[in-house]
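Below is one structure, written out as structure tokens; comments come after it.
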Amino acid sequence: MGGRRGCPLLEDSFTRLASQSNVYGLAALAGGGAGRGDPEGEGGPEQGPEGGAGPEGPRGLLVATLKGKVIYFRYQDLRQKLRPVARELQFTYIPVDAEIVSIDSFSKSPPKRGLVVGITFIKDSGDKASPFLNIYCDYEPGSEYNLDSIAQSCLNLELQFTPFQLYHAEVHVGDQPETVFLLSGNDPCIHLYKENKGLHQFEEQPVQNLFPELQELPSNVLWLDVCNIPGSGRRLTAFGCQSGYVRVAQVEQASREVLQSWSVQQDGPISKVLVFRLPSSESDPTQNGNGGDQGYSVLVTSTIELSVVYRNILTHGLADQLTLPASDQHDSVLCALVTDVDFDGAPEILLGTYGQELLCYKYWSWGATGAGAAEAEGSSLPAGEFHLLWKRSFPSPLLSMEYADLTCDGLCELAVVCLKGLHVLQHSLKQTAQCLLERLRQEAARRANHSRVSQRVRDANAEGEAAEV
């Protein structure tokens, strides 16, 4: 199991923001056009193949601040050196007195092309606040991925509710994939916005048409996550509410039928829910050969309680709960990520807290001992628990995080938006090189062993054939 380790990430840059952001204020642009080989990093049509507009689009981060500003952060190749660059994007139809609530972006599902950016904000109209959703998308050939052009192509929608999280998810409409916006509000409802190809604009459509599991909400949804299960035609949808209510549903995508639904009531507001896969123990007695259903778990973080993981939900529903120890000791958990930061093939859980701490948890499938092991054995649940692997302090509360390859070098960076600005952390190249060399040694040994075994098999076959002759 090992003892507590240190944070393997080193701070590379810090960008101060003119005003603070919030938990919905960070969006990653996962294209290929804002790293090495891209001197401008704008994703415009003038770029070459290495950093071009292409179907990938620009790479970087969009950070929204409460005072109506959107900052585009990327790494730019300047004089053969990669430098962090941040500049404001001039998105139209955002008044100077507006407060941005949430931002999101996605590249359209193939065969469509283009980058879409959504921004919700509240305009102070004196006697009342007016909420809006702006959707930016440029249909002009050659400008589909140019951020400056996209920022000038706006569909402005007035809302009748206060917006919260703006999220995107891919669904199948007929035989074509389609990416849609899902926006939670204080009505309390989830609102769906889908592109009308004929009119070249997005329109609100009834959410039950594509997401029947998002009806009859008991409270305002603060976080939503949708995970399509590869090769199954099913998806898992999870959301957490302001009242502490959590629901997870399994849905057949073609028929839109809700196959299973589980819910639980926690004591405080839910700040984040994430669906992810945990490594399943080979000795897990519940697998029964149905490996495709194993490992899907849900992380639930709370503003006042311990964060928990509901493990193997397709097998146990929400009955198999594991806590993240001491996750309530640093004020509220405001943001979270599930990703592999130590390159061992298994995910770690990162929690960002208002108490200025970044916590990293690791799952150990053999970790339950004593009473925990006895309880797991008695209930036919696999043994396992989470341990705090490391933690790192920041100068201000953590609001949101993204883990993305911002430099196009194959290594992801951790972007952390805090109250005072944007921190970008990178992996230590020395530690990464050591890890790579060790993996290469293991692979060389594996291939050598395989070659020896193959040679012995060939020799045995040759001897058998000679004996027969």
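So you can find residues: chains in the structure tokens are A, B, ... in the order shown, residues in each start at 1, and ligands are numbered from 1 in order.
For segment 93-99 of chain A, the set of protein, DNA and RNA residues having any atom at most 8 Å away, when counting only C-alpha atoms and skipping those fewer than 5 positions along the same chain, is Thr65, Leu66, Lys67, Gly68, Phe121, Ile122, Lys123, Asp124, Asn134, Cys154 and Asn156 of chain A.
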(message) Report as a list in words all protein, DNA and RNA residues lying within 9 Å of Phe181 of chain A, evaluated on only C-alpha atoms, omitting residues in the same chain fewer than 4 positions from it.
(response)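 These residues fall inside the cut-off: Asp104, Gly118, Leu166, Tyr167, His168, Ala169, His191, Leu192, Tyr193 and Lys194 of chain A.
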Please dump the current selection as a PDB file, in the first residue's frame; keep N, CA and C atoms.
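Output contents, as saved in again03.pdb:
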```pdb
ATOM      1  N   ASP A 104     -19.381  26.457 -21.192  1.00  0.00           N
ATOM      2  CA  ASP A 104     -19.074  25.117 -21.664  1.00  0.00           C
ATOM      3  C   ASP A 104     -18.793  25.190 -23.156  1.00  0.00           C
ATOM      4  N   GLY A 118     -21.010  27.814 -25.171  1.00  0.00           N
ATOM      5  CA  GLY A 118     -22.204  28.303 -24.485  1.00  0.00           C
ATOM      6  C   GLY A 118     -21.830  29.082 -23.235  1.00  0.00           C
ATOM      7  N   LEU A 166     -23.892  24.455 -17.007  1.00  0.00           N
ATOM      8  CA  LEU A 166     -24.087  24.233 -18.441  1.00  0.00           C
ATOM      9  C   LEU A 166     -23.198  23.058 -18.836  1.00  0.00           C
ATOM     10  N   TYR A 167     -23.810  22.026 -19.420  1.00  0.00           N
ATOM     11  CA  TYR A 167     -23.141  20.744 -19.655  1.00  0.00           C
ATOM     12  C   TYR A 167     -23.472  20.282 -21.063  1.00  0.00           C
ATOM     13  N   HIS A 168     -22.600  19.478 -21.665  1.00  0.00           N
ATOM     14  CA  HIS A 168     -22.916  18.899 -22.975  1.00  0.00           C
ATOM     15  C   HIS A 168     -22.805  17.385 -22.907  1.00  0.00           C
ATOM     16  N   ALA A 169     -23.594  16.714 -23.724  1.00  0.00           N
ATOM     17  CA  ALA A 169     -23.604  15.251 -23.767  1.00  0.00           C
ATOM     18  C   ALA A 169     -23.907  14.811 -25.185  1.00  0.00           C
ATOM     19  N   HIS A 191     -32.869  21.824 -18.854  1.00  0.00           N
ATOM     20  CA  HIS A 191     -33.309  22.311 -20.168  1.00  0.00           C
ATOM     21  C   HIS A 191     -32.339  21.820 -21.234  1.00  0.00           C
ATOM     22  N   LEU A 192     -32.884  21.346 -22.350  1.00  0.00           N
ATOM     23  CA  LEU A 192     -32.082  20.769 -23.432  1.00  0.00           C
ATOM     24  C   LEU A 192     -32.096  21.702 -24.637  1.00  0.00           C
ATOM     25  N   TYR A 193     -30.905  21.933 -25.213  1.00  0.00           N
ATOM     26  CA  TYR A 193     -30.772  22.785 -26.390  1.00  0.00           C
ATOM     27  C   TYR A 193     -30.056  21.977 -27.480  1.00  0.00           C
ATOM     28  N   LYS A 194     -30.738  21.827 -28.608  1.00  0.00           N
ATOM     29  CA  LYS A 194     -30.247  20.992 -29.704  1.00  0.00           C
ATOM     30  C   LYS A 194     -30.187  21.817 -30.984  1.00  0.00           C
TER      31      LYS A 194
END
```
(message) What's the separation between atom CA of Ile119 of chain A and atom CA of Gly174 of chain A, in Å to one decimal place?
(response)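 If I compute the distance from atom CA of Ile119 of chain A to atom CA of Gly174 of chain A, I get 28.3 Å.
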(request) Using only C-alpha atoms, determine which residues lie at most 10 Å from segment 434-441 of chain A, disregarding the query and same-chain residues fewer than 4 positions distant; provide the list as a list of chain:residue names. (result)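 Residues meeting the cut-off are A:Asp342, A:Phe343, A:Asp344, A:Leu429, A:Lys430, A:Ala445, A:Arg446, A:Arg447.
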(request) Can you work out which one of A:Ile71, A:Leu78, A:Leu115, A:Leu29 has the shortest atom-to-atom distance to Gln90 of chain A, counting only C-alpha atoms? (result)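 Residue with the minimum atom-to-atom distance to Gln90 of chain A: A:Ile71.
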(request) Using only C-alpha atoms, find the one residue out of A:Ser21, A:Gln215, A:Gln356, A:Asn146 that sits nearest to Leu398 of chain A. (result) A:Gln356
(request) Enter the distance from atom CA of Leu61 of chain A to atom CA of Ala27 of chain A, in Å, rounded to one decimal. (result)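 Here the two named atoms are 5.8 Å from each other.
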(message) Rounded to one decimal, what separation in Å do you get between atom CA of Ala151 of chain A and atom CA of Ala64 of chain A?
(response)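 Going from atom CA of Ala151 of chain A over to atom CA of Ala64 of chain A covers 13.5 Å.
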(request) Give me every strand (DSSP E or B) residue in segment 85-291 of chain A, going by DSSP on the backbone, as number ranges by chain. (result) A: 85-89, 98-107, 115-124, 129-136, 154-158, 163-173, 176-185, 190-196, 201-205, 221-229, 234-241, 245-252, 257-265, 270-277
Could you go through segment 144-329 of chain A and tell me which residues DSSP, when run on the backbone, assigns to helix (DSSP H, G or I), listing them as a PDB file with N, CA, C and O atoms, in the first residue's frame?
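Generated file (part.pdb):
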```pdb
ATOM      1  N   LEU A 147     -11.787  31.020 -32.965  1.00  0.00           N
ATOM      2  CA  LEU A 147     -12.428  31.525 -31.748  1.00  0.00           C
ATOM      3  C   LEU A 147     -12.897  32.966 -31.873  1.00  0.00           C
ATOM      4  O   LEU A 147     -13.963  33.334 -31.368  1.00  0.00           O
ATOM      5  N   ASP A 148     -12.110  33.793 -32.531  1.00  0.00           N
ATOM      6  CA  ASP A 148     -12.519  35.194 -32.676  1.00  0.00           C
ATOM      7  C   ASP A 148     -13.760  35.322 -33.549  1.00  0.00           C
ATOM      8  O   ASP A 148     -14.636  36.153 -33.277  1.00  0.00           O
ATOM      9  N   SER A 149     -13.861  34.504 -34.597  1.00  0.00           N
ATOM     10  CA  SER A 149     -15.067  34.517 -35.432  1.00  0.00           C
ATOM     11  C   SER A 149     -16.256  33.939 -34.687  1.00  0.00           C
ATOM     12  O   SER A 149     -17.378  34.458 -34.767  1.00  0.00           O
ATOM     13  N   ILE A 150     -16.017  32.855 -33.956  1.00  0.00           N
ATOM     14  CA  ILE A 150     -17.095  32.231 -33.189  1.00  0.00           C
ATOM     15  C   ILE A 150     -17.644  33.210 -32.155  1.00  0.00           C
ATOM     16  O   ILE A 150     -18.861  33.287 -31.932  1.00  0.00           O
ATOM     17  N   VAL A 207     -36.789  17.978 -22.675  1.00  0.00           N
ATOM     18  CA  VAL A 207     -35.683  17.128 -22.241  1.00  0.00           C
ATOM     19  C   VAL A 207     -36.069  15.653 -22.249  1.00  0.00           C
ATOM     20  O   VAL A 207     -35.228  14.770 -22.472  1.00  0.00           O
ATOM     21  N   GLN A 208     -37.366  15.350 -22.043  1.00  0.00           N
ATOM     22  CA  GLN A 208     -37.795  13.948 -21.985  1.00  0.00           C
ATOM     23  C   GLN A 208     -37.666  13.241 -23.333  1.00  0.00           C
ATOM     24  O   GLN A 208     -37.658  12.011 -23.388  1.00  0.00           O
ATOM     25  N   ASN A 209     -37.559  14.002 -24.425  1.00  0.00           N
ATOM     26  CA  ASN A 209     -37.403  13.379 -25.736  1.00  0.00           C
ATOM     27  C   ASN A 209     -36.099  12.588 -25.841  1.00  0.00           C
ATOM     28  O   ASN A 209     -36.051  11.534 -26.472  1.00  0.00           O
ATOM     29  N   PRO A 212     -35.121  11.008 -20.697  1.00  0.00           N
ATOM     30  CA  PRO A 212     -36.297  10.815 -19.831  1.00  0.00           C
ATOM     31  C   PRO A 212     -35.941  10.714 -18.353  1.00  0.00           C
ATOM     32  O   PRO A 212     -36.801  10.947 -17.491  1.00  0.00           O
ATOM     33  N   GLU A 213     -34.693  10.386 -18.053  1.00  0.00           N
ATOM     34  CA  GLU A 213     -34.281  10.252 -16.648  1.00  0.00           C
ATOM     35  C   GLU A 213     -34.136  11.595 -15.953  1.00  0.00           C
ATOM     36  O   GLU A 213     -33.956  11.648 -14.724  1.00  0.00           O
ATOM     37  N   LEU A 214     -34.211  12.700 -16.715  1.00  0.00           N
ATOM     38  CA  LEU A 214     -34.015  14.029 -16.138  1.00  0.00           C
ATOM     39  C   LEU A 214     -35.339  14.754 -15.938  1.00  0.00           C
ATOM     40  O   LEU A 214     -35.408  15.985 -16.029  1.00  0.00           O
ATOM     41  N   GLY A 291     -18.218  -8.968 -17.002  1.00  0.00           N
ATOM     42  CA  GLY A 291     -17.239  -7.915 -16.768  1.00  0.00           C
ATOM     43  C   GLY A 291     -17.660  -6.568 -17.303  1.00  0.00           C
ATOM     44  O   GLY A 291     -17.213  -5.543 -16.837  1.00  0.00           O
ATOM     45  N   GLY A 292     -18.541  -6.523 -18.324  1.00  0.00           N
ATOM     46  CA  GLY A 292     -18.941  -5.251 -18.903  1.00  0.00           C
ATOM     47  C   GLY A 292     -19.736  -4.383 -17.961  1.00  0.00           C
ATOM     48  O   GLY A 292     -19.819  -3.176 -18.138  1.00  0.00           O
ATOM     49  N   ASP A 293     -20.343  -4.997 -16.923  1.00  0.00           N
ATOM     50  CA  ASP A 293     -21.132  -4.237 -15.970  1.00  0.00           C
ATOM     51  C   ASP A 293     -20.329  -3.846 -14.737  1.00  0.00           C
ATOM     52  O   ASP A 293     -20.858  -3.195 -13.843  1.00  0.00           O
ATOM     53  N   ILE A 313     -22.166   0.368  -9.296  1.00  0.00           N
ATOM     54  CA  ILE A 313     -23.587   0.688  -9.181  1.00  0.00           C
ATOM     55  C   ILE A 313     -24.470  -0.222 -10.023  1.00  0.00           C
ATOM     56  O   ILE A 313     -25.621  -0.473  -9.660  1.00  0.00           O
ATOM     57  N   LEU A 314     -23.948  -0.745 -11.134  1.00  0.00           N
ATOM     58  CA  LEU A 314     -24.769  -1.629 -11.965  1.00  0.00           C
ATOM     59  C   LEU A 314     -25.004  -2.972 -11.292  1.00  0.00           C
ATOM     60  O   LEU A 314     -25.927  -3.702 -11.665  1.00  0.00           O
ATOM     61  N   THR A 315     -24.181  -3.291 -10.306  1.00  0.00           N
ATOM     62  CA  THR A 315     -24.355  -4.528  -9.552  1.00  0.00           C
ATOM     63  C   THR A 315     -25.041  -4.288  -8.213  1.00  0.00           C
ATOM     64  O   THR A 315     -25.964  -5.010  -7.828  1.00  0.00           O
ATOM     65  N   HIS A 316     -24.596  -3.245  -7.497  1.00  0.00           N
ATOM     66  CA  HIS A 316     -25.070  -3.019  -6.129  1.00  0.00           C
ATOM     67  C   HIS A 316     -25.970  -1.795  -5.975  1.00  0.00           C
ATOM     68  O   HIS A 316     -26.403  -1.512  -4.853  1.00  0.00           O
TER      69      HIS A 316
END
```
(message) So, with only C-alpha atoms as the atoms that count, which of A:Arg456, A:Pro230, A:Ala18, A:Leu318 lies closest to Gln260 of chain A?
(response)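 Between A:Arg456, A:Pro230, A:Ala18, A:Leu318, the residue approaching Gln260 of chain A most closely is A:Leu318.
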